[in-house]
$ cat data_12.txt   # compact mmCIF, C-alpha atoms
# COMPACT_ATOMS: atom_id res chain seq x y z
CA MET A 1 -25.94 11.80 9.44
CA LYS A 2 -22.51 10.72 10.70
CA LYS A 3 -19.61 12.33 8.90
CA VAL A 4 -16.33 10.55 8.16
CA LEU A 5 -13.06 12.21 7.11
CA ILE A 6 -10.92 10.00 4.85
CA VAL A 7 -7.28 11.10 4.74
CA ASP A 8 -5.32 9.21 2.09
CA ASP A 9 -3.01 10.40 -0.68
CA SER A 10 -4.56 7.85 -3.05
CA GLU A 11 -7.60 9.10 -4.91
CA THR A 12 -8.39 5.44 -5.64
CA VAL A 13 -8.64 4.61 -1.93
CA ARG A 14 -10.62 7.77 -1.12
CA THR A 15 -13.08 6.98 -3.91
CA GLN A 16 -13.53 3.28 -3.12
CA VAL A 17 -13.79 3.71 0.65
CA GLY A 18 -15.91 6.84 0.27
CA ARG A 19 -18.37 5.12 -2.01
CA ALA A 20 -18.76 2.18 0.39
CA LEU A 21 -19.36 4.54 3.34
CA ILE A 22 -21.83 6.69 1.41
CA ASP A 23 -23.74 3.53 0.46
CA ALA A 24 -23.85 2.69 4.19
CA GLY A 25 -25.38 6.08 5.00
CA PHE A 26 -22.34 8.13 6.02
CA GLU A 27 -21.44 11.58 4.80
CA VAL A 28 -17.85 11.58 3.56
CA VAL A 29 -15.15 14.23 3.18
CA GLY A 30 -11.75 13.45 1.62
CA ALA A 31 -8.29 14.90 2.16
CA GLY A 32 -5.15 14.09 0.14
CA ASP A 33 -2.53 14.38 2.90
CA GLY A 34 -2.14 14.94 6.62
CA MET A 35 -1.96 18.71 6.36
CA GLU A 36 -5.20 18.92 4.41
CA GLY A 37 -6.73 16.37 6.79
CA LEU A 38 -5.85 18.51 9.80
CA GLN A 39 -7.37 21.58 8.18
CA GLN A 40 -10.58 19.67 7.39
CA ALA A 41 -10.77 18.29 10.94
CA GLN A 42 -10.42 21.79 12.39
CA LYS A 43 -13.04 23.18 10.02
CA SER A 44 -15.94 20.86 10.81
CA LYS A 45 -17.08 18.16 13.22
CA PHE A 46 -16.51 14.51 12.27
CA SER A 47 -17.78 11.29 13.78
CA LEU A 48 -14.60 9.48 12.73
CA VAL A 49 -11.29 10.03 10.94
CA LEU A 50 -9.88 7.28 8.74
CA LEU A 51 -6.24 7.96 7.95
CA ASP A 52 -3.36 6.48 6.00
CA ILE A 53 0.17 6.39 7.48
CA ASN A 54 2.48 7.13 4.55
CA MET A 55 1.47 10.42 2.97
CA PRO A 56 3.27 13.49 1.64
CA ARG A 57 3.58 16.75 3.65
CA MET A 58 2.25 15.23 6.88
CA GLY A 59 2.08 11.50 7.61
CA GLY A 60 -0.72 9.73 9.46
CA LEU A 61 1.05 9.31 12.81
CA GLU A 62 1.83 13.02 12.97
CA LEU A 63 -1.76 13.82 12.03
CA LEU A 64 -2.97 11.45 14.76
CA ASP A 65 -0.79 13.26 17.33
CA ARG A 66 -2.05 16.65 16.15
CA LEU A 67 -5.70 15.55 16.29
CA LYS A 68 -5.30 14.16 19.80
CA ALA A 69 -3.50 17.30 20.97
CA GLU A 70 -6.31 19.69 20.06
CA ASP A 71 -9.41 20.13 22.23
CA GLN A 72 -11.65 20.39 19.17
CA THR A 73 -10.56 17.05 17.68
CA LYS A 74 -9.18 14.95 20.56
CA HIS A 75 -12.44 13.04 21.12
CA VAL A 76 -12.94 12.11 17.46
CA PRO A 77 -12.19 8.38 17.00
CA VAL A 78 -9.37 7.64 14.56
CA LEU A 79 -8.93 4.45 12.55
CA VAL A 80 -5.67 3.87 10.70
CA LEU A 81 -5.94 2.33 7.21
CA THR A 82 -2.50 1.33 5.90
CA THR A 83 -0.29 -1.36 4.36
CA GLU A 84 2.07 -1.20 7.38
CA VAL A 85 2.10 -4.29 9.63
CA GLN A 86 4.85 -3.58 12.15
CA GLU A 87 3.74 -4.10 15.75
CA SER A 88 5.89 -1.16 16.89
CA MET A 89 3.93 1.16 14.62
CA ILE A 90 0.59 -0.32 15.71
CA ASP A 91 1.60 0.14 19.38
CA ARG A 92 2.65 3.71 18.67
CA ALA A 93 -0.78 4.47 17.17
CA LYS A 94 -2.56 2.76 20.07
CA LYS A 95 -0.58 4.79 22.60
CA ALA A 96 -1.32 7.97 20.66
CA GLY A 97 -5.04 7.31 21.02
CA ALA A 98 -6.09 5.60 17.76
CA ALA A 99 -9.22 3.47 17.98
CA GLY A 100 -7.97 0.80 15.61
CA TRP A 101 -5.66 -0.35 12.82
CA ILE A 102 -6.79 -1.77 9.47
CA VAL A 103 -4.37 -3.41 7.05
CA LYS A 104 -4.91 -2.66 3.33
CA PRO A 105 -6.39 -4.05 1.21
CA VAL A 106 -9.53 -4.74 3.20
CA LYS A 107 -12.97 -5.97 2.23
CA MET A 108 -15.26 -2.96 2.11
CA ALA A 109 -18.05 -4.66 4.07
CA LEU A 110 -15.65 -5.31 6.98
CA LEU A 111 -14.30 -1.77 6.86
CA VAL A 112 -17.82 -0.31 6.89
CA ALA A 113 -18.71 -2.55 9.86
CA ALA A 114 -15.64 -1.30 11.79
CA VAL A 115 -16.40 2.34 10.98
CA THR A 116 -20.04 1.87 12.04
CA LYS A 117 -18.92 0.33 15.33
CA VAL A 118 -16.35 2.99 16.15
CA ALA A 119 -17.93 6.22 14.79
CA ALA A 120 -19.00 8.54 17.59
CA MET B 121 22.24 -10.02 -4.94
CA THR B 122 23.16 -13.65 -4.49
CA ASN B 123 20.28 -15.03 -2.48
CA ARG B 124 18.11 -15.01 -5.54
CA SER B 125 15.79 -17.82 -4.65
CA THR B 126 14.64 -16.17 -1.40
CA ILE B 127 14.19 -12.78 -3.03
CA ASP B 128 12.50 -14.33 -6.06
CA THR B 129 10.05 -16.10 -3.75
CA ILE B 130 9.35 -12.89 -1.85
CA ILE B 131 8.68 -10.84 -4.98
CA GLN B 132 6.71 -13.49 -6.84
CA GLY B 133 4.61 -14.40 -3.80
CA ALA B 134 3.84 -10.76 -3.07
CA VAL B 135 2.76 -10.03 -6.65
CA VAL B 136 0.58 -13.13 -6.98
CA ASP B 137 -1.11 -12.31 -3.64
CA LEU B 138 -1.58 -8.68 -4.62
CA PHE B 139 -3.35 -9.51 -7.88
CA HIS B 140 -5.33 -12.26 -6.19
CA SER B 141 -6.74 -9.54 -3.88
CA LEU B 142 -7.98 -7.82 -7.06
CA GLU B 143 -9.54 -11.09 -8.23
CA ILE B 144 -6.92 -11.37 -11.00
CA ALA B 145 -5.04 -14.65 -11.32
CA SER B 146 -1.36 -14.20 -12.22
CA ALA B 147 1.24 -16.83 -13.04
CA PRO B 148 4.93 -16.05 -12.45
CA LEU B 149 7.33 -16.76 -15.30
CA ALA B 150 11.06 -17.42 -14.87
CA PRO B 151 12.85 -14.26 -13.72
CA ALA B 152 15.41 -12.66 -16.05
CA SER B 153 18.49 -10.63 -15.12
CA GLY B 154 19.55 -7.36 -16.72
CA GLN B 155 17.37 -7.68 -19.82
CA ALA B 156 15.25 -5.17 -21.72
CA LEU B 157 11.52 -5.58 -21.11
CA ARG B 158 9.65 -7.93 -23.42
CA GLU B 159 6.57 -5.70 -23.38
CA GLN B 160 6.34 -2.06 -22.42
CA PRO B 161 3.74 -1.49 -19.68
CA ASP B 162 1.10 1.20 -20.26
CA LEU B 163 1.19 2.17 -16.60
CA ALA B 164 4.05 1.92 -14.13
CA ALA B 165 5.08 3.13 -10.70
CA PHE B 166 8.13 2.72 -8.49
CA VAL B 167 9.42 3.10 -4.97
CA HIS B 168 12.95 3.57 -3.67
CA PHE B 169 13.80 1.54 -0.60
CA ASN B 170 16.70 1.04 1.75
CA ALA B 171 17.62 -1.24 4.62
CA ALA B 172 20.70 -2.24 6.58
CA ALA B 173 21.02 -5.06 4.04
CA GLY B 174 21.01 -2.76 1.00
CA SER B 175 18.95 -0.45 -1.13
CA GLY B 176 17.27 -0.27 -4.50
CA VAL B 177 14.24 0.43 -6.63
CA LEU B 178 11.12 -1.65 -7.15
CA CYS B 179 9.01 -0.95 -10.25
CA LEU B 180 5.58 -2.34 -11.12
CA GLY B 181 4.03 -2.05 -14.58
CA CYS B 182 0.98 -3.41 -16.33
CA PRO B 183 -1.00 -2.98 -19.54
CA LEU B 184 -4.36 -1.18 -19.71
CA SER B 185 -6.04 -4.54 -20.30
CA VAL B 186 -5.13 -5.57 -16.73
CA VAL B 187 -6.45 -2.27 -15.38
CA GLN B 188 -9.74 -3.06 -17.10
CA LEU B 189 -9.84 -6.39 -15.26
CA ALA B 190 -9.36 -4.57 -11.96
CA GLU B 191 -12.10 -2.10 -12.89
CA LYS B 192 -14.43 -4.99 -13.57
CA ALA B 193 -13.67 -6.51 -10.16
CA SER B 194 -14.13 -3.22 -8.28
CA TYR B 195 -17.17 -2.05 -10.30
CA THR B 196 -15.58 1.36 -10.72
CA ALA B 197 -13.66 3.42 -13.24
CA LEU B 198 -10.14 3.89 -11.89
CA ALA B 199 -7.93 6.97 -11.99
CA LYS B 200 -5.22 4.96 -13.68
CA GLU B 201 -2.02 6.74 -12.62
CA ASP B 202 -3.24 6.95 -9.05
CA TRP B 203 -4.34 3.33 -9.14
CA ILE B 204 -0.92 2.03 -10.22
CA ARG B 205 0.75 4.11 -7.48
CA GLU B 206 -1.63 2.67 -4.86
CA LEU B 207 -0.98 -0.81 -6.25
CA MET B 208 2.77 -0.16 -5.95
CA ASN B 209 2.17 0.96 -2.36
CA GLN B 210 0.29 -2.26 -1.58
CA LEU B 211 2.97 -4.37 -3.30
CA MET B 212 5.68 -2.67 -1.25
CA GLY B 213 3.65 -3.33 1.90
CA ARG B 214 3.58 -7.03 1.08
CA VAL B 215 7.29 -7.10 0.19
CA LYS B 216 8.20 -5.29 3.41
CA LYS B 217 6.19 -7.78 5.43
CA ARG B 218 7.92 -10.73 3.77
CA PHE B 219 11.37 -9.21 4.32
CA LEU B 220 10.52 -8.69 8.00
CA GLN B 221 10.21 -12.46 8.28
CA PHE B 222 13.93 -12.57 7.43
CA GLY B 223 14.81 -9.86 9.93
CA VAL B 224 15.16 -7.23 7.19
CA HIS B 225 13.43 -3.93 7.84
CA LEU B 226 12.84 -1.97 4.61
CA ASN B 227 12.15 1.76 4.54
CA ALA B 228 10.35 2.82 1.38
CA SER B 229 9.64 6.13 -0.31
CA LEU B 230 6.14 7.11 -1.37
CA PRO B 231 5.27 5.54 -4.75
CA SER B 232 5.75 7.68 -7.87
CA PRO B 233 4.72 7.17 -11.48
CA ALA B 234 7.46 5.58 -13.61
CA SER B 235 8.11 6.46 -17.24
CA LYS B 236 8.87 3.77 -19.81
CA GLN B 237 12.45 5.05 -19.94
CA PHE B 238 12.77 4.77 -16.17
CA ILE B 239 11.57 1.18 -16.01
CA ASP B 240 13.66 0.26 -19.07
CA ARG B 241 16.79 1.80 -17.57
CA HIS B 242 16.36 -0.16 -14.36
CA GLY B 243 15.49 -3.32 -16.29
CA VAL B 244 18.91 -3.47 -17.97
CA SER B 245 20.88 -2.40 -14.90
CA LEU B 246 23.70 -4.65 -13.67
CA HIS B 247 21.92 -5.52 -10.43
CA SER B 248 18.39 -5.81 -11.75
CA LYS B 249 15.99 -8.68 -12.08
CA THR B 250 12.79 -8.65 -14.10
CA TYR B 251 9.78 -10.69 -13.04
CA ASN B 252 6.99 -11.29 -15.54
CA PHE B 253 3.54 -12.57 -14.61
CA ARG B 254 0.97 -13.80 -17.09
CA THR B 255 -2.67 -12.87 -16.55
CA ILE B 256 -5.70 -13.60 -18.64
CA ARG B 257 -5.40 -10.14 -20.26
CA GLY B 258 -1.68 -9.52 -20.65
CA SER B 259 1.51 -9.43 -18.62
CA VAL B 260 2.40 -7.67 -15.40
CA VAL B 261 6.05 -6.80 -14.95
CA VAL B 262 8.06 -6.10 -11.82
CA VAL B 263 11.65 -4.87 -11.94
CA LEU B 264 13.83 -5.09 -8.85
CA ASP B 265 17.04 -3.10 -9.22
CA ALA B 266 18.80 -3.55 -5.92
CA GLN B 267 21.98 -4.46 -4.14
CA ILE B 268 20.97 -6.47 -1.10
CA ASP B 269 23.45 -8.15 1.22
CA ASP B 270 21.73 -11.47 1.81
CA ARG B 271 24.21 -12.40 4.58
CA GLN B 272 22.00 -10.32 6.84
CA PHE B 273 19.01 -12.54 6.09
CA ALA B 274 17.93 -14.64 9.07
CA TYR B 275 14.62 -16.40 8.89
CA CYS B 276 12.61 -15.46 11.96
CA GLY B 277 9.93 -18.08 11.34
CA ALA B 278 7.41 -17.55 14.05
CA VAL B 279 7.31 -13.74 13.86
CA GLN B 280 3.70 -12.76 14.33
CA LEU B 281 2.76 -10.26 11.67
CA ARG B 282 -0.59 -8.81 10.77
CA ASP B 283 -2.22 -9.92 7.54
CA GLU B 284 -3.74 -7.86 4.76
CA GLY B 285 -7.39 -7.23 5.61
CA ASP B 286 -6.86 -7.50 9.38
CA ILE B 287 -8.96 -5.14 11.47
CA ILE B 288 -7.63 -4.53 14.99
CA LEU B 289 -9.88 -2.50 17.24
CA PHE B 290 -8.05 -1.31 20.38

$ encode --input "data_12.txt" --output "structure tokens"
Amino acid sequence: MKKVLIVDDSETVRTQVGRALIDAGFEVVGAGDGMEGLQQAQKSKFSLVLLDINMPRMGGLELLDRLKAEDQTKHVPVLVLTTEVQESMIDRAKKAGAAGWIVKPVKMALLVAAVTKVAA
Amino acid sequence: MTNRSTIDTIIQGAVVDLFHSLEIASAPLAPASGQALREQPDLAAFVHFNAAAGSGVLCLGCPLSVVQLAEKASYTALAKEDWIRELMNQLMGRVKKRFLQFGVHLNASLPSPASKQFIDRHGVSLHSKTYNFRTIRGSVVVVLDAQIDDRQFAYCGAVQLRDEGDIILF
């Protein structure tokens, strides 16, 4: 079973996205900020990381950089799920190695389809 | 703030769109300046923001009856304080996007829960404006307490910005 790490400081988002992914057959692990997300990513193997940008302690772009800098996590595809729409930020994530950018709020069926397509 | 009509349009459009995404219809009422709230919200959250054009606080509040509508639409029980903070986050995202169309880049803090005293205090502030929205199950309130220099507003028209719900695979 493919395992997805959802990193978002909103319990609401983690619950709603997690439920949709579980219904689609994924195993899901949640983390409430970038620091916790990094620890989870180092602890076990994920098929995909879904991360928010604006979070306490460690934001999503820093987490993306950290994931791509480590041998253990650099091949895990990362999708960004955020309210941010600035092209400069999207370009920054693309250059850092993200697999895609999703603007909140998103229809769960479309999000699940994107995760299914991108998950390793 | 003197460019009220532009800012009013930004705030009202963002709120109506936000609640539409939750399958809740909301109708904006006439904004009021520096007045105490007509109804106290059960749940509220706020963000601080700043930009070259100014800075301020944006608060969002709603009654539990509106939360129940959202629960019905999402088929899930919501962690209410977290939900209102996430809603504030999504509202700020929409407001930021609309300001970008006027060349104004807002930086916002993470959303935090707002007490009734907090939202009341900002509601009666000298620079504040209160926006009420009627829904089928009660009123949503947004308070903008900000000093924004509207002389820095320049409509950029054709700026290509991503929409809510967009999925971009690289």

$ atom_distance --input "data_12.txt" --atom1 "CA of Ile131 (chain B)" --atom2 "CA of Val261 (chain B)"
11.1 Å

$ closest_residue --input "data_12.txt" --among "B:Ser245, B:Thr126, B:Asn209, B:Gln237" --to "chain A" --atoms "all atoms listed in the file"
B:Asn209

$ interface_residues --input "data_12.txt" --of "chain A" --to "chain B" --cutoff "6 Å" --atoms "all atoms listed in the file" --output "number ranges by chain"
A: 12, 83, 85, 99-106

$ write_last_selection --input "data_12.txt" --atoms "C-alpha atoms" --output "short mmCIF file (atom, residue, chain, number, x, y, z; two decimals), keeping the file's coordinate frame"
data_model
loop_
_atom_site.label_atom_id
_atom_site.label_comp_id
_atom_site.auth_asym_id
_atom_site.auth_seq_id
_atom_site.Cartn_x
_atom_site.Cartn_y
_atom_site.Cartn_z
CA THR A 12 -8.39 5.44 -5.64
CA THR A 83 -0.29 -1.36 4.36
CA VAL A 85 2.10 -4.29 9.63
CA ALA A 99 -9.22 3.47 17.98
CA GLY A 100 -7.97 0.80 15.61
CA TRP A 101 -5.66 -0.35 12.82
CA ILE A 102 -6.79 -1.77 9.47
CA VAL A 103 -4.37 -3.41 7.05
CA LYS A 104 -4.91 -2.66 3.33
CA PRO A 105 -6.39 -4.05 1.21
CA VAL A 106 -9.53 -4.74 3.20
#

$ closest_residue --input "data_12.txt" --among "B:Val167, B:Ala156, B:Val224, B:Val186" --to "Asp269 (chain B)" --atoms "all atoms listed in the file"
B:Val224

$ residues_around --input "data_12.txt" --residues "region 74-77 of chain A" --least-positions-apart "6" --cutoff "8 Å" --atoms "all atoms listed in the file" --output "VMD selection string"
chain A and resid 46 to 49 67 to 68 98 to 99 118 to 120

$ atom_distance --input "data_12.txt" --atom1 "CA of Ala114 (chain A)" --atom2 "CA of Glu62 (chain A)"
22.6 Å

$ residues_around --input "data_12.txt" --residues "Ser146 (chain B)" --least-positions-apart "2" --cutoff "9 Å" --atoms "all atoms listed in the file" --output "list in words"
Val135, Val136, Asp137, Phe139, His140, Ile144, Pro148, Phe253, Arg254, Thr255, Ile256, Ser259 and Val260 of chain B

$ atom_distance --input "data_12.txt" --atom1 "CA of Gly258 (chain B)" --atom2 "CA of Arg218 (chain B)"
26.3 Å

$ residues_around --input "data_12.txt" --residues "region 25-28 of chain A" --least-positions-apart "2" --cutoff "7 Å" --atoms "all atoms listed in the file" --output "short mmCIF file (atom, residue, chain, number, x, y, z; two decimals) with C-alpha atoms, keeping the file's coordinate frame"
data_model
loop_
_atom_site.label_atom_id
_atom_site.label_comp_id
_atom_site.auth_asym_id
_atom_site.auth_seq_id
_atom_site.Cartn_x
_atom_site.Cartn_y
_atom_site.Cartn_z
CA MET A 1 -25.94 11.80 9.44
CA LYS A 2 -22.51 10.72 10.70
CA LYS A 3 -19.61 12.33 8.90
CA VAL A 4 -16.33 10.55 8.16
CA LEU A 5 -13.06 12.21 7.11
CA GLY A 18 -15.91 6.84 0.27
CA LEU A 21 -19.36 4.54 3.34
CA ILE A 22 -21.83 6.69 1.41
CA ASP A 23 -23.74 3.53 0.46
CA GLY A 30 -11.75 13.45 1.62
#

$ closest_residue --input "data_12.txt" --among "B:Gln272, B:Ala193, B:Tyr251, B:Ala164" --to "Gly133 (chain B)" --atoms "only C-alpha atoms"
B:Tyr251

$ closest_residue --input "data_12.txt" --among "A:Val78, A:Ala109, A:Leu61, A:Val115" --to "Ala20 (chain A)" --atoms "only C-alpha atoms"
A:Ala109

$ closest_residue --input "data_12.txt" --among "A:Asp33, A:Asp91, A:Glu11, A:Glu84" --to "Met55 (chain A)" --atoms "all atoms listed in the file"
A:Asp33

$ decode --input "data_12.txt" --residues "region 145-238 of chain B" --atoms "C-alpha atoms" --output "tab-separated table (two decimals), in the first residue's frame"
chain	number	residue	atom	x	y	z
B	145	ALA	CA	-24.39	31.18	-0.01
B	146	SER	CA	-23.57	34.51	1.65
B	147	ALA	CA	-24.93	37.97	0.91
B	148	PRO	CA	-22.83	41.03	1.78
B	149	LEU	CA	-24.53	43.81	3.72
B	150	ALA	CA	-23.42	47.45	3.71
B	151	PRO	CA	-20.06	47.83	5.48
B	152	ALA	CA	-19.92	49.85	8.71
B	153	SER	CA	-17.00	51.86	10.10
B	154	GLY	CA	-15.80	51.81	13.70
B	155	GLN	CA	-18.93	50.24	15.17
B	156	ALA	CA	-19.44	47.55	17.80
B	157	LEU	CA	-20.46	44.19	16.35
B	158	ARG	CA	-24.18	43.56	15.93
B	159	GLU	CA	-23.78	39.90	16.85
B	160	GLN	CA	-20.92	38.25	18.67
B	161	PRO	CA	-19.45	35.35	16.68
B	162	ASP	CA	-19.07	31.98	18.43
B	163	LEU	CA	-15.81	31.33	16.60
B	164	ALA	CA	-13.26	33.81	15.30
B	165	ALA	CA	-9.72	33.96	13.98
B	166	PHE	CA	-7.40	36.69	12.79
B	167	VAL	CA	-4.21	37.39	10.89
B	168	HIS	CA	-1.85	40.34	11.03
B	169	PHE	CA	-0.61	41.55	7.67
B	170	ASN	CA	1.71	44.17	6.28
B	171	ALA	CA	2.67	45.56	2.90
B	172	ALA	CA	4.46	48.56	1.47
B	173	ALA	CA	1.01	50.16	1.31
B	174	GLY	CA	0.24	49.63	5.00
B	175	SER	CA	-0.54	47.10	7.67
B	176	GLY	CA	-3.40	45.82	9.78
B	177	VAL	CA	-5.48	42.99	11.13
B	178	LEU	CA	-8.15	40.93	9.41
B	179	CYS	CA	-10.63	39.04	11.62
B	180	LEU	CA	-13.23	36.47	10.56
B	181	GLY	CA	-16.04	35.29	12.83
B	182	CYS	CA	-19.12	33.15	12.48
B	183	PRO	CA	-21.80	31.49	14.60
B	184	LEU	CA	-21.91	27.75	15.30
B	185	SER	CA	-24.95	27.49	13.03
B	186	VAL	CA	-22.72	28.34	10.03
B	187	VAL	CA	-20.15	25.77	11.14
B	188	GLN	CA	-22.94	23.19	11.11
B	189	LEU	CA	-23.70	24.12	7.50
B	190	ALA	CA	-20.06	23.56	6.61
B	191	GLU	CA	-20.09	20.22	8.42
B	192	LYS	CA	-23.12	19.19	6.41
B	193	ALA	CA	-21.35	20.10	3.15
B	194	SER	CA	-18.13	18.27	4.06
B	195	TYR	CA	-19.85	15.24	5.67
B	196	THR	CA	-17.54	15.51	8.64
B	197	ALA	CA	-17.46	16.79	12.21
B	198	LEU	CA	-15.05	19.73	12.31
B	199	ALA	CA	-12.51	20.65	14.96
B	200	LYS	CA	-14.08	24.08	15.26
B	201	GLU	CA	-11.19	26.27	16.41
B	202	ASP	CA	-8.88	24.70	13.86
B	203	TRP	CA	-11.54	25.01	11.18
B	204	ILE	CA	-12.00	28.77	11.69
B	205	ARG	CA	-8.22	29.26	11.60
B	206	GLU	CA	-7.99	27.32	8.32
B	207	LEU	CA	-10.91	29.34	6.97
B	208	MET	CA	-9.08	32.54	7.96
B	209	ASN	CA	-6.01	31.19	6.16
B	210	GLN	CA	-8.04	30.56	3.00
B	211	LEU	CA	-9.70	33.98	3.25
B	212	MET	CA	-6.30	35.66	3.56
B	213	GLY	CA	-5.11	33.69	0.53
B	214	ARG	CA	-7.99	35.07	-1.50
B	215	VAL	CA	-7.48	38.61	-0.20
B	216	LYS	CA	-3.75	38.46	-0.97
B	217	LYS	CA	-4.49	37.31	-4.50
B	218	ARG	CA	-6.93	40.16	-5.07
B	219	PHE	CA	-4.48	42.74	-3.70
B	220	LEU	CA	-1.79	41.38	-6.04
B	221	GLN	CA	-4.01	42.44	-8.93
B	222	PHE	CA	-3.48	46.00	-7.68
B	223	GLY	CA	0.26	45.57	-7.33
B	224	VAL	CA	0.03	45.21	-3.54
B	225	HIS	CA	1.97	42.33	-2.03
B	226	LEU	CA	0.66	41.41	1.44
B	227	ASN	CA	2.68	39.41	3.96
B	228	ALA	CA	0.48	37.68	6.51
B	229	SER	CA	1.07	35.99	9.84
B	230	LEU	CA	-0.23	32.51	10.57
B	231	PRO	CA	-3.90	32.63	11.61
B	232	SER	CA	-4.67	32.61	15.35
B	233	PRO	CA	-7.92	32.22	17.27
B	234	ALA	CA	-9.52	35.57	18.17
B	235	SER	CA	-11.39	36.22	21.41
B	236	LYS	CA	-14.64	38.18	21.46
B	237	GLN	CA	-12.78	41.03	23.16
B	238	PHE	CA	-10.14	41.04	20.43
